[in-house]
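Peer 1: The structure that follows is given in the form of structure tokens.
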2 protein chains.
Amino acid sequence: MRISDIHITPVAVPDPPLLNAAGLHAPYALRLIVEIVSDDGLSGWGEIPGSDATLSALEQAADRLIGMDPWGLNAIDAVLASLAKPDERGATPWDQRTGVHVRSAIEVACYDLIGVSVGRPVVDLLGGAARERVPFAAYLFYKYEGAGGEFGFERDESATGWFAARAEAALDREGIVAQAQAMIAHYGFKSIKLKGGVFEPQQEVNAILALRDAFGPDLPLRLDPNAIWRVETAIAAGRQLDGALEYFEDPVRGQENMAAVARAVDIPLATNMCTTSFADLPGSVARQSEAIILSDHHFWGGFRASLDLARFCSIFGRGMSMHSNSHLGISLAAMTHLAAAVPNLTYDCDSHYPWQDGCDLLAEPLPIEDGAIAAPRGAGLGIEVDRERLAQLHQQYLACGLAERNDEIEMQKVQPGWSFQATRW
Amino acid sequence: MRISDIHITPVAVPDPPLLNAAGLHAPYALRLIVEIVSDDGLSGWGEIPGSDATLSALEQAADRLIGMDPWGLNAIDAVLASLAKPDERGATPWDQRTGVHVRSAIEVACYDLIGVSVGRPVVDLLGGAARERVPFAAYLFYKYEGAGGEFGFERDESATGWFAARAEAALDREGIVAQAQAMIAHYGFKSIKLKGGVFEPQQEVNAILALRDAFGPDLPLRLDPNAIWRVETAIAAGRQLDGALEYFEDPVRGQENMAAVARAVDIPLATNMCTTSFADLPGSVARQSEAIILSDHHFWGGFRASLDLARFCSIFGRGMSMHSNSHLGISLAAMTHLAAAVPNLTYDCDSHYPWQDGCDLLAEPLPIEDGAIAAPRGAGLGIEVDRERLAQLHQQYLACGLAERNDEIEMQKVQPGWSFQATRW
């Protein structure tokens, strides 16, 4: 089996006006869809965050992979490593490195292709299921009114239930509790993550306390200020939230600051911002910067790298959860297969999927029931891409005119003069 | 595909009277051969060091695996973990834990079975070849006269070349140099390891210096006293050997002592004795006990664990080599597939195979050419087990009466009253 063709399709998917430390989500989230075609006519799919820079790197890589064996992942990785430019994660909540994204897109598509070719699900290629169902957390956002996409900040008046609720504004604790109630009623999630870093810290602390009051002490809660708090702010908040948080995600920036907070508060710290690559792991061990690492196969370079990260967590006593950005069903399937294969996945995974639900490119989206997803038992990722829908999402990409994610620019449209601050409170 | 049967065959393979820190090799080395049979009539093979204790643990495990899916390695591992008794490595040069051996035997046989079922070599199931040929080192031993096995300490008078030379005694530097010359002439190895810990340290230092004189400075040399030297002895020897050794393997016992030697000598230290499990890795990082870890899929619990160890080495700047005990062709094939798939294998692998060459149970033994072996491109491990030969080796096991490896007892037959000392010089 050889790689005979690689199709790369940039797409734009409606995204509500969600607030975060970097600003505001644009009306569309960009994704890159990769289809690797083999000489025997099979296809494997991958999906990663989209940007012009990643698209360019992916196109350059694709040219070099034609004729290679999709099983030869080490050889493919060597080619991709030789092409990757030095790049850095950046200060934004999302990872800006193109190299790891390209490796992830290609590796996941190869695994899908391999699975399809041998008639086994990807989870089996990764060591088999360590769990039948992968639990996800309700992912709450402060937000403006609107559901994103072609409706801009307008409502779809025909929507009901969660699909109506997600168009509501949520700018205070009442809004956050209502959002949580609607999301959990629809999906059955058993834990909650609140994206913070948006409002003054006490307001976000109060929102967590309101969620605890609304859902009781048995529903695990997490808060993620995306690293824009000062150490003393995080410590003060952490002391208020002691007993109320399952974990405290990236309250501050950098391993040293995280370690300082970890020493001062009793809540486990989690990260997908200060320990985000293998090069960061020795520093994590030396500094004890966090108790939990959020894996993300898009940012760590694929499935095998993520399993290696899982082993690191097991060796060094780190818990493991999973990070998410706005995504479609290919990424959700990949996340689910991976999470199912990680023996030491100790926390419910994050997923933005409820915010994109209904806009997917899968012919049959993965069902979320009781807050969990079963890894599909079909061959490969076990998904079927609806090519007509893919074409529509590509048209949206062409029409929306976005070239990269820039939440600061979007925020400035609402709050002129607003600027991102790496440390705000 | 389901596991329908597991056959476990203890075998005994002729082993020459090789000397090491623990005493003397018995005339037979024990191995356990595992054949996992699937419900569609395919077979996968594994091989591990033999002992009554491991045999018993393996038999107990096998009963529990019938009906399981060989792809479901995480589920299989969970069953094996539930059965494993707490066990320790022990002070001997070889690892005495039964749990890791059982996991290795089962996992390797499952990978062989999976590879056979999908028509791909094991190396491809492990991420594909990072190298076409796996280099091995010449593995030298001080020894008494004889080739082991049914001949006891007698010679096979019809043997020629290496097969004659390996029956010669090697009890001084001249004998070691002659052994190296014969082994390298036959196999083409490009590096040399001398098993030390046998004679007074200066004699072994002199043997290394004699090898350097005989082969020149470009042939890498290693010395392995199997942890029975004192720190001051190792430092004094290390200073004499500065510039002559590629690495110094386990000169002393334990991570603290290794770290003390590492601080005092300029030669990289390697280990398969002080850092031998995932539980040892945090201590290795904290103490900087060695620069190189010798992996061994028999001792680390299989292929995936070994790949995880490789990632650890990459993260923490450790070099990686591969350890060996007396073994047959199933283990050699497994070692070769694994080593071919490890991107950061930085040193030639060890193998005892030249000492067992000619006694193998493979229909076609793997050719060693120019000191290297190509991972077979056939399905699975790419080997065919000669069942008649397997039966003969099992008869030898029944006839030899050995129940475990005990080099001390063998040594006492030659040197009455001799006893193993964890630290001798």
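Residues in the structure tokens are numbered from 1 in each chain, the chains being A, B, ... in the order shown, and ligands are numbered from 1 in the order shown.
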Going by DSSP on the backbone, which bits of segment 167-356 of chain B are strand (DSSP E or B)? Write them as JSON, numbers by chain, please.

Peer 2: {"B": [170, 192, 193, 194, 195, 221, 222, 223, 224, 247, 248, 249, 269, 270, 271, 292, 293, 294, 295, 319, 320, 321, 322, 349]}

Peer 1: When you get a sec, could you note down which chain A residues fall within 6 Å of chain B, using only C-alpha atoms, as an MDAnalysis selection string?

Peer 2: chainID A and resid 71:74 124 127:128 130 278 308 315

Peer 1: Only all heavy atoms, please: the residues just picked out, written as a PDB file, in the first residue's frame.

Peer 2:
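What ended up in part10.pdb:
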ATOM      1  N   TRP A  71       2.073   2.742   6.519  1.00  0.00           N
ATOM      2  CA  TRP A  71       2.528   2.042   7.728  1.00  0.00           C
ATOM      3  C   TRP A  71       3.891   2.572   8.182  1.00  0.00           C
ATOM      4  O   TRP A  71       4.271   2.361   9.340  1.00  0.00           O
ATOM      5  CB  TRP A  71       2.681   0.537   7.467  1.00  0.00           C
ATOM      6  CG  TRP A  71       1.414  -0.231   7.266  1.00  0.00           C
ATOM      7  CD1 TRP A  71       0.688  -0.331   6.116  1.00  0.00           C
ATOM      8  CD2 TRP A  71       0.737  -1.038   8.242  1.00  0.00           C
ATOM      9  NE1 TRP A  71      -0.398  -1.145   6.329  1.00  0.00           N
ATOM     10  CE2 TRP A  71      -0.388  -1.600   7.623  1.00  0.00           C
ATOM     11  CE3 TRP A  71       0.983  -1.347   9.588  1.00  0.00           C
ATOM     12  CZ2 TRP A  71      -1.273  -2.457   8.287  1.00  0.00           C
ATOM     13  CZ3 TRP A  71       0.103  -2.199  10.240  1.00  0.00           C
ATOM     14  CH2 TRP A  71      -1.017  -2.742   9.592  1.00  0.00           C
ATOM     15  N   GLY A  72       4.619   3.183   7.305  1.00  0.00           N
ATOM     16  CA  GLY A  72       5.980   3.606   7.635  1.00  0.00           C
ATOM     17  C   GLY A  72       5.990   4.945   8.351  1.00  0.00           C
ATOM     18  O   GLY A  72       6.583   5.924   7.890  1.00  0.00           O
ATOM     19  N   LEU A  73       5.373   4.969   9.515  1.00  0.00           N
ATOM     20  CA  LEU A  73       5.177   6.241  10.222  1.00  0.00           C
ATOM     21  C   LEU A  73       6.491   6.863  10.673  1.00  0.00           C
ATOM     22  O   LEU A  73       6.630   8.086  10.688  1.00  0.00           O
ATOM     23  CB  LEU A  73       4.237   6.024  11.414  1.00  0.00           C
ATOM     24  CG  LEU A  73       2.821   5.589  11.009  1.00  0.00           C
ATOM     25  CD1 LEU A  73       2.039   5.119  12.228  1.00  0.00           C
ATOM     26  CD2 LEU A  73       2.086   6.721  10.310  1.00  0.00           C
ATOM     27  N   ASN A  74       7.469   6.037  11.026  1.00  0.00           N
ATOM     28  CA  ASN A  74       8.769   6.601  11.404  1.00  0.00           C
ATOM     29  C   ASN A  74       9.443   7.265  10.206  1.00  0.00           C
ATOM     30  O   ASN A  74      10.062   8.325  10.349  1.00  0.00           O
ATOM     31  CB  ASN A  74       9.678   5.513  11.989  1.00  0.00           C
ATOM     32  CG  ASN A  74       9.309   5.169  13.422  1.00  0.00           C
ATOM     33  OD1 ASN A  74       8.919   6.035  14.195  1.00  0.00           O
ATOM     34  ND2 ASN A  74       9.430   3.894  13.784  1.00  0.00           N
ATOM     35  N   ASP A 124      -7.862  -0.162  18.141  1.00  0.00           N
ATOM     36  CA  ASP A 124      -7.142  -1.434  18.197  1.00  0.00           C
ATOM     37  C   ASP A 124      -5.698  -1.281  17.736  1.00  0.00           C
ATOM     38  O   ASP A 124      -4.802  -1.979  18.216  1.00  0.00           O
ATOM     39  CB  ASP A 124      -7.842  -2.488  17.342  1.00  0.00           C
ATOM     40  CG  ASP A 124      -9.121  -2.991  18.005  1.00  0.00           C
ATOM     41  OD1 ASP A 124      -9.463  -2.496  19.094  1.00  0.00           O
ATOM     42  OD2 ASP A 124      -9.771  -3.874  17.422  1.00  0.00           O
ATOM     43  N   GLY A 127      -3.428  -0.250  20.640  1.00  0.00           N
ATOM     44  CA  GLY A 127      -3.305  -1.117  21.818  1.00  0.00           C
ATOM     45  C   GLY A 127      -4.637  -1.636  22.324  1.00  0.00           C
ATOM     46  O   GLY A 127      -4.681  -2.369  23.304  1.00  0.00           O
ATOM     47  N   GLY A 128      -5.714  -1.242  21.667  1.00  0.00           N
ATOM     48  CA  GLY A 128      -7.021  -1.760  22.069  1.00  0.00           C
ATOM     49  C   GLY A 128      -7.670  -0.907  23.140  1.00  0.00           C
ATOM     50  O   GLY A 128      -7.034  -0.075  23.791  1.00  0.00           O
ATOM     51  N   ALA A 130      -9.019   0.508  26.378  1.00  0.00           N
ATOM     52  CA  ALA A 130      -8.854   0.432  27.831  1.00  0.00           C
ATOM     53  C   ALA A 130     -10.180   0.783  28.512  1.00  0.00           C
ATOM     54  O   ALA A 130     -10.323   0.618  29.719  1.00  0.00           O
ATOM     55  CB  ALA A 130      -7.752   1.378  28.293  1.00  0.00           C
ATOM     56  N   PHE A 278       7.398  17.616  24.259  1.00  0.00           N
ATOM     57  CA  PHE A 278       8.353  16.737  24.944  1.00  0.00           C
ATOM     58  C   PHE A 278       9.526  17.532  25.510  1.00  0.00           C
ATOM     59  O   PHE A 278      10.068  17.185  26.558  1.00  0.00           O
ATOM     60  CB  PHE A 278       8.816  15.628  24.000  1.00  0.00           C
ATOM     61  CG  PHE A 278       7.710  14.660  23.685  1.00  0.00           C
ATOM     62  CD1 PHE A 278       7.088  14.665  22.452  1.00  0.00           C
ATOM     63  CD2 PHE A 278       7.264  13.774  24.645  1.00  0.00           C
ATOM     64  CE1 PHE A 278       6.040  13.795  22.179  1.00  0.00           C
ATOM     65  CE2 PHE A 278       6.227  12.901  24.390  1.00  0.00           C
ATOM     66  CZ  PHE A 278       5.609  12.912  23.149  1.00  0.00           C
ATOM     67  N   ASP A 308       2.800   8.237  24.181  1.00  0.00           N
ATOM     68  CA  ASP A 308       4.076   8.430  24.887  1.00  0.00           C
ATOM     69  C   ASP A 308       3.903   9.420  26.033  1.00  0.00           C
ATOM     70  O   ASP A 308       4.463   9.243  27.120  1.00  0.00           O
ATOM     71  CB  ASP A 308       5.150   8.939  23.918  1.00  0.00           C
ATOM     72  CG  ASP A 308       5.569   7.889  22.900  1.00  0.00           C
ATOM     73  OD1 ASP A 308       5.253   6.703  23.089  1.00  0.00           O
ATOM     74  OD2 ASP A 308       6.210   8.265  21.904  1.00  0.00           O
ATOM     75  N   ILE A 315       4.536   7.447  34.547  1.00  0.00           N
ATOM     76  CA  ILE A 315       5.839   7.338  35.220  1.00  0.00           C
ATOM     77  C   ILE A 315       5.984   8.388  36.311  1.00  0.00           C
ATOM     78  O   ILE A 315       6.447   8.092  37.415  1.00  0.00           O
ATOM     79  CB  ILE A 315       6.993   7.508  34.197  1.00  0.00           C
ATOM     80  CG1 ILE A 315       6.999   6.384  33.176  1.00  0.00           C
ATOM     81  CG2 ILE A 315       8.348   7.594  34.916  1.00  0.00           C
ATOM     82  CD1 ILE A 315       7.928   6.650  31.983  1.00  0.00           C
TER      83      ILE A 315
END

Peer 1: Can you list, as a list in words, every protein, DNA or RNA residue that comes within 7 Å of Leu113 of chain B when you count only C-alpha atoms, leaving out same-chain residues fewer than 4 positions away?

Peer 2: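 Within the cut-off, the hits are Leu42, Ser43, Gly44, Ala109, Ser117 and Gly380 of chain B.
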
Peer 1: Choose the residue, out of A:Ile383, A:Arg389, A:Asp172, A:Asp52, that has the smallest atom-to-atom separation from Leu361 of chain A; count only C-alpha atoms.

Peer 2: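 Closest residue, counting only C-alpha atoms: A:Arg389.
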
Peer 1: Per DSSP on the backbone, filter segment 341-382 of chain A down to the residues in alpha helix (DSSP H) and report them as a list of chain:residue names.

Peer 2: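 Here is the list: A:Ala341, A:Tyr353, A:Pro354, A:Trp355, A:Gln356.
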
Peer 1: Nearest to Pro376 of chain A: which of A:Thr233, A:Thr276, A:Val134, A:Gly161 is it, counting only C-alpha atoms?

Peer 2: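 Once distances to Pro376 of chain A are computed over only C-alpha atoms, the minimum belongs to A:Val134.
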
Peer 1: In Å, how far is it from atom CA of Ala29 of chain A to atom CA of Gly99 of chain A?

Peer 2: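 For atom CA of Ala29 of chain A relative to atom CA of Gly99 of chain A, the distance reads 20.0 Å.
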
Peer 1: To one decimal in Å, tell me the separation between atom CA of Cys349 of chain B and atom CA of Ile114 of chain B.

Peer 2: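 Distance between the two atoms: 25.5 Å.
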
Peer 1: Would you list the contacts of segment 186-194 of chain B as a count of residues only, taking every protein, DNA or RNA residue within 9 Å and counting only C-alpha atoms, but skipping same-chain residues closer than 3 positions in sequence?

Peer 2: 35

Peer 1: Give the answer as one residue: which of B:Leu32, B:Ala57, B:Leu65, B:Leu19 has the shortest atom-to-atom distance to Phe199 of chain B, using only C-alpha atoms?

Peer 2: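 Among the listed residues, B:Leu19 lies closest to Phe199 of chain B.
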